[in-house]
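Colleague: File model13.tsv follows (TSV, C-alpha atoms):
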chain	number	residue	atom	x	y	z
A	26	MET	CA	0.00	0.00	0.00
A	27	SER	CA	1.40	3.35	-0.96
A	28	ARG	CA	2.30	5.92	1.69
A	29	LYS	CA	-0.15	8.36	0.12
A	30	LEU	CA	-3.05	5.94	0.44
A	31	ILE	CA	-2.19	5.15	4.06
A	32	PHE	CA	-1.94	8.89	4.77
A	33	PHE	CA	-5.44	9.50	3.40
A	34	LEU	CA	-6.80	6.45	5.21
A	35	MET	CA	-5.39	7.86	8.46
A	36	ILE	CA	-7.03	11.21	7.73
A	37	ALA	CA	-10.35	9.41	7.19
A	38	LEU	CA	-9.89	7.45	10.43
A	39	GLY	CA	-9.06	10.65	12.36
A	40	LEU	CA	-12.06	12.38	10.82
A	41	GLY	CA	-14.27	9.50	11.92
A	42	ILE	CA	-12.94	9.61	15.47
A	43	GLY	CA	-13.34	13.41	15.62
A	44	LEU	CA	-16.92	13.25	14.40
A	45	TYR	CA	-17.73	10.45	16.82
A	46	LEU	CA	-16.31	12.44	19.71
A	47	GLY	CA	-18.38	15.52	18.89
A	48	TRP	CA	-21.62	13.93	17.72
A	49	GLY	CA	-21.64	10.64	19.53
A	50	LEU	CA	-19.76	10.92	22.80
A	51	ALA	CA	-19.84	14.56	23.87
A	52	PRO	CA	-23.65	14.92	24.02
A	53	ASN	CA	-23.83	11.85	26.23
A	54	LEU	CA	-21.03	13.14	28.44
A	55	ALA	CA	-22.88	16.46	28.73
A	56	GLY	CA	-25.48	14.46	30.67
A	57	GLY	CA	-28.60	15.42	28.81
A	58	SER	CA	-30.42	18.25	27.13
A	59	PRO	CA	-31.51	21.67	28.37
A	60	LEU	CA	-35.14	22.58	29.04
A	61	LYS	CA	-35.36	24.48	25.78
A	62	ALA	CA	-34.86	21.20	23.91
A	63	LEU	CA	-38.14	19.80	25.29
A	64	ARG	CA	-40.76	18.80	22.80
A	65	GLU	CA	-43.67	21.19	22.38
A	66	ASP	CA	-46.18	19.12	24.35
A	67	PHE	CA	-43.82	18.90	27.32
A	68	LYS	CA	-43.05	22.61	27.05
A	69	THR	CA	-46.79	23.28	27.08
A	70	ASP	CA	-47.17	21.21	30.23
A	71	TYR	CA	-44.31	23.17	31.81
A	72	VAL	CA	-46.11	26.43	30.97
A	73	LEU	CA	-49.31	24.95	32.38
A	74	MET	CA	-47.51	24.15	35.62
A	75	THR	CA	-46.24	27.73	35.74
A	76	ALA	CA	-49.82	28.92	35.20
A	77	GLU	CA	-51.11	26.60	37.92
A	78	VAL	CA	-48.57	27.99	40.36
A	79	TYR	CA	-49.21	31.60	39.34
A	80	ASP	CA	-52.93	31.06	39.83
A	81	ARG	CA	-52.28	30.32	43.50
A	82	ASP	CA	-49.27	32.42	44.48
A	83	GLY	CA	-49.84	35.37	42.13
A	84	ASP	CA	-46.10	35.92	41.80
A	85	ILE	CA	-45.71	37.06	38.20
A	86	LYS	CA	-41.99	37.76	38.57
A	87	LEU	CA	-41.38	34.16	39.58
A	88	ALA	CA	-43.57	32.98	36.70
A	89	VAL	CA	-41.48	35.05	34.28
A	90	ASP	CA	-38.30	33.54	35.71
A	91	ARG	CA	-39.72	30.06	35.26
A	92	LEU	CA	-40.70	30.73	31.65
A	93	ASN	CA	-37.26	32.20	30.99
A	94	GLU	CA	-35.75	28.90	32.12
A	95	LEU	CA	-37.75	27.22	29.37
A	96	GLU	CA	-36.97	29.58	26.50
A	97	SER	CA	-34.66	32.50	26.08
A	98	GLY	CA	-37.29	34.62	24.31
A	99	PRO	CA	-39.90	36.84	25.98
A	100	ALA	CA	-42.01	34.99	28.55
A	101	LEU	CA	-45.19	36.23	26.90
A	102	ASP	CA	-44.23	34.59	23.60
A	103	VAL	CA	-43.46	31.33	25.39
A	104	ALA	CA	-46.87	31.33	27.06
A	105	THR	CA	-48.66	32.31	23.85
A	106	THR	CA	-47.02	29.51	21.89
A	107	ALA	CA	-47.98	27.09	24.64
A	108	ILE	CA	-51.65	28.09	24.73
A	109	THR	CA	-51.85	27.78	20.96
A	110	TYR	CA	-50.56	24.23	21.23
A	111	ALA	CA	-52.80	23.51	24.22
A	112	ARG	CA	-55.89	24.56	22.24
A	113	SER	CA	-54.97	22.32	19.33
A	114	ALA	CA	-54.19	19.42	21.65
A	115	GLY	CA	-57.56	19.61	23.37
A	116	TYR	CA	-56.53	20.77	26.85
A	117	SER	CA	-59.41	21.25	29.26
A	118	ILE	CA	-61.15	24.58	29.62
A	119	ASN	CA	-59.76	24.90	33.15
A	120	ASP	CA	-56.21	24.51	31.92
A	121	LEU	CA	-56.73	26.94	29.05
A	122	GLU	CA	-58.19	29.45	31.49
A	123	LEU	CA	-55.17	29.14	33.75
A	124	MET	CA	-52.82	29.74	30.84
A	125	SER	CA	-54.95	32.58	29.58
A	126	ASN	CA	-54.84	34.24	33.01
A	127	LEU	CA	-51.08	33.89	33.01
A	128	ILE	CA	-50.85	35.49	29.57
A	129	GLN	CA	-53.02	38.37	30.73
A	130	ALA	CA	-50.80	38.86	33.77
A	131	LEU	CA	-47.69	38.72	31.60
A	132	GLN	CA	-49.14	41.41	29.34
A	133	GLU	CA	-49.82	43.62	32.34
A	134	TYR	CA	-46.37	42.89	33.70
A	135	ASN	CA	-44.79	43.82	30.36
A	136	THR	CA	-46.74	47.06	30.31
A	137	LYS	CA	-45.60	47.90	33.83
A	138	THR	CA	-41.97	47.04	33.29
A	139	SER	CA	-41.80	48.90	29.99
A	140	GLY	CA	-43.00	52.09	31.60
A	141	GLY	CA	-46.72	51.69	31.12
A	142	THR	CA	-49.18	52.93	28.55
A	143	PRO	CA	-51.59	55.81	29.07
B	3	MET	CA	15.13	6.53	10.87
B	4	LYS	CA	13.16	5.38	7.87
B	5	GLU	CA	10.63	3.57	10.18
B	6	ARG	CA	10.20	6.63	12.41
B	7	GLY	CA	9.40	8.71	9.33
B	8	GLY	CA	6.76	6.14	8.43
B	9	CYS	CA	5.13	6.33	11.85
B	10	LEU	CA	5.19	10.08	11.79
B	11	PHE	CA	3.42	10.19	8.47
B	12	ILE	CA	0.67	7.89	9.80
B	13	LEU	CA	0.34	9.97	12.95
B	14	THR	CA	0.21	13.22	10.97
B	15	GLY	CA	-2.67	11.89	8.88
B	16	LEU	CA	-4.56	10.71	11.95
B	17	ILE	CA	-4.13	14.01	13.81
B	18	LEU	CA	-5.11	16.02	10.75
B	19	GLY	CA	-8.30	13.99	10.38
B	20	LEU	CA	-9.02	14.21	14.08
B	21	VAL	CA	-8.65	17.99	14.12
B	22	VAL	CA	-10.93	18.44	11.11
B	23	GLY	CA	-13.48	15.99	12.56
B	24	ALA	CA	-13.47	17.68	15.95
B	25	LEU	CA	-13.75	21.11	14.34
B	26	VAL	CA	-16.81	20.03	12.40
B	27	SER	CA	-18.52	18.16	15.23
B	28	PHE	CA	-17.75	20.58	18.08
B	29	VAL	CA	-17.58	24.01	16.39
B	30	ILE	CA	-19.04	24.16	12.87
B	31	SER	CA	-21.99	21.83	13.31
B	32	PRO	CA	-22.33	20.64	16.91
B	33	MET	CA	-24.99	18.10	17.75
B	34	GLN	CA	-28.15	19.65	19.10
B	35	TYR	CA	-30.99	17.58	20.42
B	36	VAL	CA	-34.52	18.80	20.07
B	37	ASN	CA	-37.94	17.42	20.88
B	38	VAL	CA	-36.70	15.53	23.90
B	39	SER	CA	-38.79	14.18	26.76
B	40	PRO	CA	-38.24	15.32	30.38
B	41	ALA	CA	-36.38	12.06	31.02
B	42	MET	CA	-33.61	13.24	28.69
B	43	LEU	CA	-32.97	16.52	30.46
B	44	LYS	CA	-29.71	17.43	32.21
B	45	LYS	CA	-29.69	16.84	35.95
B	46	GLU	CA	-30.03	20.52	36.80
B	47	ASP	CA	-32.88	20.97	34.31
B	48	LYS	CA	-34.60	17.88	35.66
B	49	ASP	CA	-34.35	19.51	39.08
B	50	ILE	CA	-36.04	22.65	37.76
B	51	TYR	CA	-38.78	20.54	36.17
B	52	ARG	CA	-39.20	18.43	39.31
B	53	GLY	CA	-39.25	21.53	41.49
B	54	LEU	CA	-42.03	23.07	39.42
B	55	ILE	CA	-44.06	19.86	39.61
B	56	ALA	CA	-43.69	19.94	43.40
B	57	VAL	CA	-44.66	23.59	43.72
B	58	ALA	CA	-47.73	23.00	41.55
B	59	TYR	CA	-48.63	20.01	43.73
B	60	ASN	CA	-48.06	21.99	46.91
B	61	LEU	CA	-50.35	24.78	45.78
B	62	ARG	CA	-53.02	22.79	43.96
B	63	GLY	CA	-52.90	19.38	45.62
B	64	ASP	CA	-53.47	17.36	42.45
B	65	LEU	CA	-51.53	14.20	43.24
B	66	GLY	CA	-52.65	12.32	40.14
B	67	ARG	CA	-51.30	14.99	37.89
B	68	ALA	CA	-48.10	15.38	39.93
B	69	LYS	CA	-47.47	11.64	39.76
B	70	ALA	CA	-47.97	11.55	36.03
B	71	ARG	CA	-45.53	14.41	35.61
B	72	ILE	CA	-42.95	12.87	37.92
B	73	GLY	CA	-43.29	9.66	35.92
B	74	LEU	CA	-42.14	11.52	32.81
B	75	LEU	CA	-38.76	12.14	34.44
B	76	GLN	CA	-38.23	8.37	34.67
B	77	ASP	CA	-36.17	8.61	37.84
B	78	GLU	CA	-34.90	5.29	39.13
B	79	ASN	CA	-36.45	6.06	42.48
B	80	SER	CA	-38.83	9.00	42.35
B	81	VAL	CA	-39.30	9.23	46.11
B	82	GLN	CA	-35.57	9.29	46.68
B	83	SER	CA	-35.07	11.97	43.99
B	84	LEU	CA	-37.79	14.12	45.52
B	85	THR	CA	-36.42	13.69	49.03
B	86	ALA	CA	-32.85	14.44	47.97
B	87	GLN	CA	-33.93	17.55	46.08
B	88	ALA	CA	-36.01	18.73	49.03
B	89	GLN	CA	-32.96	18.47	51.26
B	90	GLN	CA	-30.81	20.27	48.69
B	91	THR	CA	-33.42	23.02	48.34
B	92	ILE	CA	-33.44	23.54	52.09
B	93	ALA	CA	-29.66	23.46	52.29
B	94	LYS	CA	-29.34	26.03	49.49
B	95	GLY	CA	-31.97	28.26	51.07
B	96	GLY	CA	-34.28	27.79	48.07
B	97	LEU	CA	-37.99	28.42	47.87
B	98	ALA	CA	-39.83	27.16	50.96
B	99	GLN	CA	-42.90	26.28	48.92
B	100	GLU	CA	-40.73	24.16	46.63
B	101	ALA	CA	-39.07	22.33	49.53
B	102	ARG	CA	-42.44	21.72	51.14
B	103	GLY	CA	-43.94	20.55	47.86
B	104	LEU	CA	-41.06	18.15	47.28
B	105	ALA	CA	-41.40	16.76	50.80
B	106	LEU	CA	-45.17	16.43	50.53
B	107	LEU	CA	-44.99	14.80	47.14
B	108	ALA	CA	-42.30	12.38	48.30
B	109	ALA	CA	-44.44	11.44	51.27
B	110	ALA	CA	-47.57	11.08	49.16
B	111	MET	CA	-45.80	8.95	46.58
B	112	ASN	CA	-44.22	6.83	49.25
B	113	GLU	CA	-47.66	6.01	50.57
B	114	GLN	CA	-48.91	4.99	47.14
B	115	PRO	CA	-46.27	3.51	44.88
B	116	ILE	CA	-46.29	4.67	41.29
B	117	LEU	CA	-48.10	2.13	39.19
B	118	LEU	CA	-48.97	4.50	36.43
B	119	GLU	CA	-47.45	4.42	33.02
B	120	THR	CA	-47.71	7.00	30.33
B	121	GLN	CA	-47.12	6.41	26.69
B	122	ALA	CA	-44.07	8.58	26.80
B	123	GLU	CA	-42.49	6.25	29.34
B	124	ASP	CA	-42.75	3.33	26.99
B	125	THR	CA	-41.03	5.04	24.15
B	126	PRO	CA	-37.48	4.49	23.04
B	127	THR	CA	-34.98	6.72	24.74
B	128	GLU	CA	-33.20	7.75	21.58
B	129	MET	CA	-32.54	11.43	21.33
B	130	ALA	CA	-33.69	13.37	18.33
B	131	VAL	CA	-31.39	15.32	16.12
B	132	VAL	CA	-32.34	18.73	14.74
B	133	SER	CA	-34.98	18.47	12.03
B	134	THR	CA	-35.36	14.73	12.61
B	135	PRO	CA	-38.93	13.87	13.49
B	136	THR	CA	-39.26	12.08	16.81
B	137	ASP	CA	-41.22	8.93	17.14
B	138	PHE	CA	-42.43	8.97	20.75
B	139	PRO	CA	-46.10	9.75	21.10
B	140	THR	CA	-47.43	13.13	22.05
B	141	LEU	CA	-48.17	13.81	25.70
B	142	PRO	CA	-51.94	13.97	26.00
B	143	PRO	CA	-53.41	16.75	28.13
B	144	LEU	CA	-53.26	15.65	31.74
B	145	LYS	CA	-56.58	15.17	33.43
B	146	THR	CA	-57.76	16.29	36.80
B	147	GLU	CA	-60.89	15.52	38.71
B	148	SER	CA	-62.18	18.98	38.03
B	149	SER	CA	-61.63	18.77	34.28
B	150	GLU	CA	-64.75	20.26	32.72
B	151	THR	CA	-64.21	18.82	29.29
B	152	GLU	CA	-63.48	15.33	30.49
B	153	ALA	CA	-66.87	14.06	29.42
B	154	GLU	CA	-66.67	15.73	26.03
B	155	GLN	CA	-63.28	14.36	25.12
B	156	THR	CA	-62.70	11.10	23.38
B	157	PRO	CA	-61.21	8.79	26.01
B	158	ILE	CA	-57.50	8.14	25.66
B	159	PRO	CA	-57.16	4.57	26.88
B	160	GLN	CA	-53.42	4.49	27.36
B	161	VAL	CA	-53.23	7.12	30.10
B	162	VAL	CA	-55.12	7.07	33.37
B	163	PHE	CA	-54.22	9.73	35.90
B	164	PRO	CA	-56.35	9.28	38.98
B	165	THR	CA	-56.54	12.23	41.29
B	166	ILE	CA	-56.03	11.32	44.90
B	167	GLU	CA	-57.23	13.61	47.62
B	168	PRO	CA	-54.22	15.26	49.25
B	169	ARG	CA	-53.98	15.52	53.00
B	170	PRO	CA	-53.94	19.18	53.91
B	171	ILE	CA	-51.85	20.28	56.83
B	172	PRO	CA	-54.17	21.19	59.70
B	173	SER	CA	-54.28	24.88	60.43
B	174	ASP	CA	-54.85	24.31	64.16
B	175	PRO	CA	-51.80	25.02	66.30
B	176	PHE	CA	-49.84	21.94	67.35
B	177	MET	CA	-49.17	21.05	70.95
B	178	LEU	CA	-45.93	19.65	72.25
B	179	LYS	CA	-47.15	16.26	73.43
B	180	ASP	CA	-43.89	14.70	74.49
B	181	ARG	CA	-40.27	15.65	75.03
B	182	LYS	CA	-37.68	13.02	75.86
B	183	SER	CA	-33.94	12.94	76.21
B	184	LEU	CA	-32.62	9.72	74.76
B	185	CYS	CA	-29.34	8.08	75.59
B	186	ASP	CA	-28.65	6.06	72.50
B	187	LEU	CA	-25.39	6.02	70.58
B	188	GLU	CA	-27.32	5.94	67.32
B	189	MET	CA	-29.08	9.15	68.27
B	190	MET	CA	-25.98	11.16	69.16
B	191	ASN	CA	-26.80	14.90	68.99
B	192	GLN	CA	-29.94	14.22	67.02
B	193	LEU	CA	-33.04	16.30	67.48
B	194	GLN	CA	-35.91	14.12	66.30
B	195	VAL	CA	-39.31	15.60	65.65
B	196	PHE	CA	-42.52	13.66	65.05
B	197	VAL	CA	-45.71	15.44	63.99
B	198	ILE	CA	-49.01	13.59	64.27
B	199	ASP	CA	-52.67	14.42	63.82
B	200	LYS	CA	-55.53	13.85	66.26
B	201	ALA	CA	-55.72	10.19	65.30
B	202	GLY	CA	-51.99	9.73	65.80
B	203	LYS	CA	-51.26	9.53	62.07
B	204	PRO	CA	-48.04	11.16	60.85
B	205	ILE	CA	-48.29	14.45	58.97
B	206	PRO	CA	-45.73	15.09	56.24
B	207	GLY	CA	-44.74	18.49	54.86
B	208	VAL	CA	-44.89	20.38	58.16
B	209	GLU	CA	-42.33	23.16	58.30
B	210	ILE	CA	-40.21	23.21	61.45
B	211	ILE	CA	-38.15	26.17	62.56
B	212	VAL	CA	-35.21	25.67	64.84
B	213	THR	CA	-33.28	28.62	66.21
B	214	TRP	CA	-30.15	28.99	68.27
B	215	GLN	CA	-27.94	31.90	69.22
B	216	GLY	CA	-27.02	33.49	65.93
B	217	GLY	CA	-28.69	30.92	63.73
B	218	GLU	CA	-31.93	29.59	62.31
B	219	ASP	CA	-32.82	26.62	60.16
B	220	HIS	CA	-35.99	25.35	58.50
B	221	PHE	CA	-36.78	21.77	57.71
B	222	PHE	CA	-39.80	19.64	56.90
B	223	THR	CA	-41.37	16.41	58.03
B	224	GLY	CA	-41.67	13.67	55.44
B	225	LEU	CA	-38.16	13.91	54.01
B	226	LYS	CA	-37.27	10.58	55.56
B	227	PRO	CA	-40.34	8.51	54.76
B	228	GLN	CA	-38.40	5.33	55.53
B	229	VAL	CA	-38.46	6.39	59.20
B	230	ASP	CA	-41.92	7.94	59.38
B	231	LEU	CA	-43.98	10.28	57.22
B	232	GLY	CA	-44.27	12.75	60.08
B	233	TYR	CA	-40.60	12.56	61.00
B	234	ALA	CA	-37.84	15.13	60.65
B	235	ASP	CA	-34.47	15.46	62.32
B	236	PHE	CA	-31.76	18.00	62.91
B	237	SER	CA	-28.15	17.64	64.07
B	238	MET	CA	-27.37	19.61	67.21
B	239	VAL	CA	-24.00	20.82	68.38
B	240	PRO	CA	-23.20	19.84	72.00
B	241	GLY	CA	-23.28	22.84	74.32
B	242	GLU	CA	-25.61	24.86	72.09
B	243	LEU	CA	-29.17	25.65	73.20
B	244	TYR	CA	-31.97	25.34	70.65
B	245	ASN	CA	-35.57	26.49	70.44
B	246	LEU	CA	-37.95	24.72	68.12
B	247	ARG	CA	-41.43	25.51	66.84
B	248	LEU	CA	-43.64	24.58	63.94
B	249	ALA	CA	-44.15	27.23	61.28
B	250	ASN	CA	-47.94	27.24	61.63
B	251	GLY	CA	-47.75	28.17	65.29
B	252	GLY	CA	-48.56	26.39	68.50
B	253	ASP	CA	-46.25	25.24	71.27
B	254	SER	CA	-42.53	25.79	71.23
B	255	ALA	CA	-39.87	23.55	72.70
B	256	THR	CA	-37.21	25.70	74.29
B	257	ARG	CA	-33.71	25.28	75.66
B	258	ILE	CA	-33.09	21.99	73.89
B	259	SER	CA	-29.58	20.59	74.06
B	260	PRO	CA	-28.05	17.14	73.64
B	261	PRO	CA	-28.17	15.34	77.01
B	262	ASN	CA	-25.04	14.00	78.64
B	263	CYS	CA	-25.04	10.21	78.63
B	264	LYS	CA	-22.73	7.51	79.88
B	265	LEU	CA	-22.10	3.98	78.70
B	266	ASP	CA	-21.66	1.09	81.13
B	267	SER	CA	-17.98	1.20	80.29
B	268	GLY	CA	-17.87	4.76	81.59
B	269	MET	CA	-17.51	6.41	78.19
B	270	GLU	CA	-19.37	9.70	78.01
B	271	TYR	CA	-21.28	10.95	75.00
B	272	THR	CA	-24.13	13.30	74.14
B	273	GLY	CA	-27.46	11.71	73.25
B	274	GLY	CA	-30.49	12.93	71.36
B	275	VAL	CA	-33.84	14.56	72.01
B	276	LYS	CA	-37.20	13.38	70.77
B	277	LEU	CA	-40.13	15.74	70.44
B	278	ILE	CA	-43.67	14.78	69.51
B	279	PHE	CA	-46.06	17.47	68.31
B	280	GLY	CA	-49.72	16.67	67.87
B	281	LEU	CA	-53.11	18.25	67.51
B	282	PRO	CA	-55.06	18.82	70.70
For the structure just supplied, provide its representation as structure tokens.
Modeller:
Amino acid sequence: MSRKLIFFLMIALGLGIGLYLGWGLAPNLAGGSPLKALREDFKTDYVLMTAEVYDRDGDIKLAVDRLNELESGPALDVATTAITYARSAGYSINDLELMSNLIQALQEYNTKTSGGTP
Amino acid sequence: MKERGGCLFILTGLILGLVVGALVSFVISPMQYVNVSPAMLKKEDKDIYRGLIAVAYNLRGDLGRAKARIGLLQDENSVQSLTAQAQQTIAKGGLAQEARGLALLAAAMNEQPILLETQAEDTPTEMAVVSTPTDFPTLPPLKTESSETEAEQTPIPQVVFPTIEPRPIPSDPFMLKDRKSLCDLEMMNQLQVFVIDKAGKPIPGVEIIVTWQGGEDHFFTGLKPQVDLGYADFSMVPGELYNLRLANGGDSATRISPPNCKLDSGMEYTGGVKLIFGLP
């Protein structure tokens, strides 16, 4: 076997090992995925839990923090996306109401924190 | 010399390939998983998820729903995970309602082992790659007893989430029913607290406040369900005086300190104290 062929075979072997390390091993070593990688139905349930808690403790700041753990975007968008999914998935009226109340509170919170509207 | 050159040329090829491969897989196009189930979350994210489940349970008392959600995390031992997280939450000075929820949920689940299975639990644990459709079934909306649309919906046979009535913590103030100093080597410096209801049944999730000169700590009953659902303990420092009360009021136990004890052999040690709080 020529030296050139062996050289290219070694490059291919190294490439394979490098790709395996990054795509195969590293994600497993990282120990799992972040919350933002959750599937939409699980994210919706997370938002529902946040709404359930907000319904009882009324702490909108804490609710915002919880939604920010789920997605990096605005909490209102996270909740709106969730309620859209919840409607299509046939969530109960009670659950939709809870999420709707949370969205309303988030809108008010946004208005307050952005200086308010006349 | 000729052989060394040969080895070097093989090694150079391998390293070159490795660098390019690593560059592609770590920097240019790193693997990102999407559409994962809660079971595939990182430990710290699982803790956030579990904490939220517990807070929701603490505030709403829907055990069926909480159990179904905890089941999604596929912990090896859910009760142990809840208990451990409750202790961590307390140690870190986290949210009291979260710690209480975790303790209550652990106690409730310990009483009734999880026999429920959701579709998501039965699915393969393969992770999904970006833009690759996942093949585990969609989580159906969780049901509660109060679900208004339950009758209207088409039944989903694979998931049954019964709602079990939670045991609320009595609002009446607790009385200190018994206080004992115990000389037992296994109880060295331990302050053991048992909280029971009128019928003598243990009550989990009761917040206990212990104070000493320059310090205060909060803990909950139910974190050691293997001992008793209404049990909690605290490690005392010999020579220190402690006062203890339950967060919802009632009697206080004051000037508690580890008693001096002696073995038959003459060896001295400090024992423990056992307190029993109950409803009048």
Colleague: Taking a cut-off of 6 Å and counting all atoms listed in the file, can you build a table that, for each residue of chain A near chain B, reports the nearest atom pair and how far apart they are in Å (one decimal), sorted by chain then residue number, as JSON lines?
Modeller:
{"residue": "A:Phe32", "atom": "CA", "partner": "B:Gly15", "partner_atom": "CA", "distance": 5.1}
{"residue": "A:Met35", "atom": "CA", "partner": "B:Leu16", "partner_atom": "CA", "distance": 4.6}
{"residue": "A:Ile36", "atom": "CA", "partner": "B:Gly19", "partner_atom": "CA", "distance": 4.0}
{"residue": "A:Ala37", "atom": "CA", "partner": "B:Gly19", "partner_atom": "CA", "distance": 5.9}
{"residue": "A:Gly39", "atom": "CA", "partner": "B:Leu20", "partner_atom": "CA", "distance": 4.0}
{"residue": "A:Leu40", "atom": "CA", "partner": "B:Gly19", "partner_atom": "CA", "distance": 4.1}
{"residue": "A:Gly43", "atom": "CA", "partner": "B:Gly23", "partner_atom": "CA", "distance": 4.0}
{"residue": "A:Leu44", "atom": "CA", "partner": "B:Gly23", "partner_atom": "CA", "distance": 4.8}
{"residue": "A:Gly47", "atom": "CA", "partner": "B:Ser27", "partner_atom": "CA", "distance": 4.5}
{"residue": "A:Trp48", "atom": "CA", "partner": "B:Met33", "partner_atom": "CA", "distance": 5.4}
{"residue": "A:Gly56", "atom": "CA", "partner": "B:Lys44", "partner_atom": "CA", "distance": 5.4}
{"residue": "A:Gly57", "atom": "CA", "partner": "B:Lys44", "partner_atom": "CA", "distance": 4.1}
{"residue": "A:Ser58", "atom": "CA", "partner": "B:Leu43", "partner_atom": "CA", "distance": 4.5}
{"residue": "A:Pro59", "atom": "CA", "partner": "B:Leu43", "partner_atom": "CA", "distance": 5.7}
{"residue": "A:Leu60", "atom": "CA", "partner": "B:Asp47", "partner_atom": "CA", "distance": 6.0}
{"residue": "A:Ala62", "atom": "CA", "partner": "B:Val36", "partner_atom": "CA", "distance": 4.5}
{"residue": "A:Leu63", "atom": "CA", "partner": "B:Val38", "partner_atom": "CA", "distance": 4.7}
{"residue": "A:Arg64", "atom": "CA", "partner": "B:Asn37", "partner_atom": "CA", "distance": 3.7}
{"residue": "A:Asp66", "atom": "CA", "partner": "B:Leu141", "partner_atom": "CA", "distance": 5.8}
{"residue": "A:Val78", "atom": "CA", "partner": "B:Ala58", "partner_atom": "CA", "distance": 5.2}
{"residue": "A:Tyr116", "atom": "CA", "partner": "B:Pro143", "partner_atom": "CA", "distance": 5.2}
{"residue": "A:Ser117", "atom": "CA", "partner": "B:Thr151", "partner_atom": "CA", "distance": 5.4}
Colleague: Store the residues picked out above in a file with C-alpha atoms, as a CSV table (one decimal), in the frame of the given file.
Modeller:
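selection_18.csv written:
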chain,number,residue,atom,x,y,z
A,32,PHE,CA,-1.9,8.9,4.8
A,35,MET,CA,-5.4,7.9,8.5
A,36,ILE,CA,-7.0,11.2,7.7
A,37,ALA,CA,-10.4,9.4,7.2
A,39,GLY,CA,-9.1,10.6,12.4
A,40,LEU,CA,-12.1,12.4,10.8
A,43,GLY,CA,-13.3,13.4,15.6
A,44,LEU,CA,-16.9,13.2,14.4
A,47,GLY,CA,-18.4,15.5,18.9
A,48,TRP,CA,-21.6,13.9,17.7
A,56,GLY,CA,-25.5,14.5,30.7
A,57,GLY,CA,-28.6,15.4,28.8
A,58,SER,CA,-30.4,18.2,27.1
A,59,PRO,CA,-31.5,21.7,28.4
A,60,LEU,CA,-35.1,22.6,29.0
A,62,ALA,CA,-34.9,21.2,23.9
A,63,LEU,CA,-38.1,19.8,25.3
A,64,ARG,CA,-40.8,18.8,22.8
A,66,ASP,CA,-46.2,19.1,24.4
A,78,VAL,CA,-48.6,28.0,40.4
A,116,TYR,CA,-56.5,20.8,26.8
A,117,SER,CA,-59.4,21.2,29.3
Colleague: Need the shell around region 107-110 of chain A: protein/DNA/RNA residues with any atom at most 9 Å away, counting all atoms listed in the file. Skip same-chain ones fewer than 4 positions apart. Format as a list in words?
Modeller: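 The residues that qualify are Glu65, Asp66, Lys68, Thr69, Asp70, Tyr71, Val72, Leu73, Asp102, Val103, Ala114, Gly115, Tyr116, Leu121, Met124, Ser125 and Ile128 of chain A.
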Colleague: Find the spatial neighbours of region 201-209 of chain B, counting all atoms listed in the file, within a cut-off of 8 Å - ignore same-chain residues fewer than 6 positions away - and output them as a list in words.
Modeller: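 Contacts, with the query itself left out: Arg102, Gly103, Ala105, Leu106, Ala109, Ile171, His220, Phe221, Phe222, Thr223, Gly224, Leu225, Asp230, Leu231, Gly232, Tyr233, Leu248, Ala249, Asn250 and Gly280 of chain B.
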Colleague: I'd like the interatomic distance between CA of Asp235 (chain B) and CA of Leu193 (chain B), to a tenth of an Å.
Modeller: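 These two atoms are separated by 5.4 Å.
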Colleague: So that I can check the surroundings of region 84-99 of chain A, please list as a PyMOL selection string every protein, DNA and RNA residue that reaches within 6 Å of it, counting all atoms listed in the file and ignoring chain neighbours fewer than 5 positions away.
Modeller: chain A and resi 60-61+75+79
Colleague: Grab the CA of Val275 (chain B) to CA of Cys263 (chain B) distance for me, in Å with one decimal place.
Modeller: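 Computing the Euclidean distance for CA of Val275 (chain B) and CA of Cys263 (chain B) yields 11.8 Å.
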Colleague: So, with all atoms listed in the file as the atoms that count, which of B:Ser183, B:Gln87, B:Ser254, B:Gln192 lies closest to Ile210 (chain B)?
Modeller: B:Ser254
Colleague: What separation in Å, quoted to one decimal, exists between CA of Asp180 (chain B) and CA of Thr272 (chain B)?
Modeller: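 These two atoms are separated by 19.8 Å.
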Colleague: So, with all atoms listed in the file as the atoms that count, which of B:Gly95, B:Val81, B:Asn262, B:Leu281 lies closest to Asp219 (chain B)?
Modeller: B:Gly95
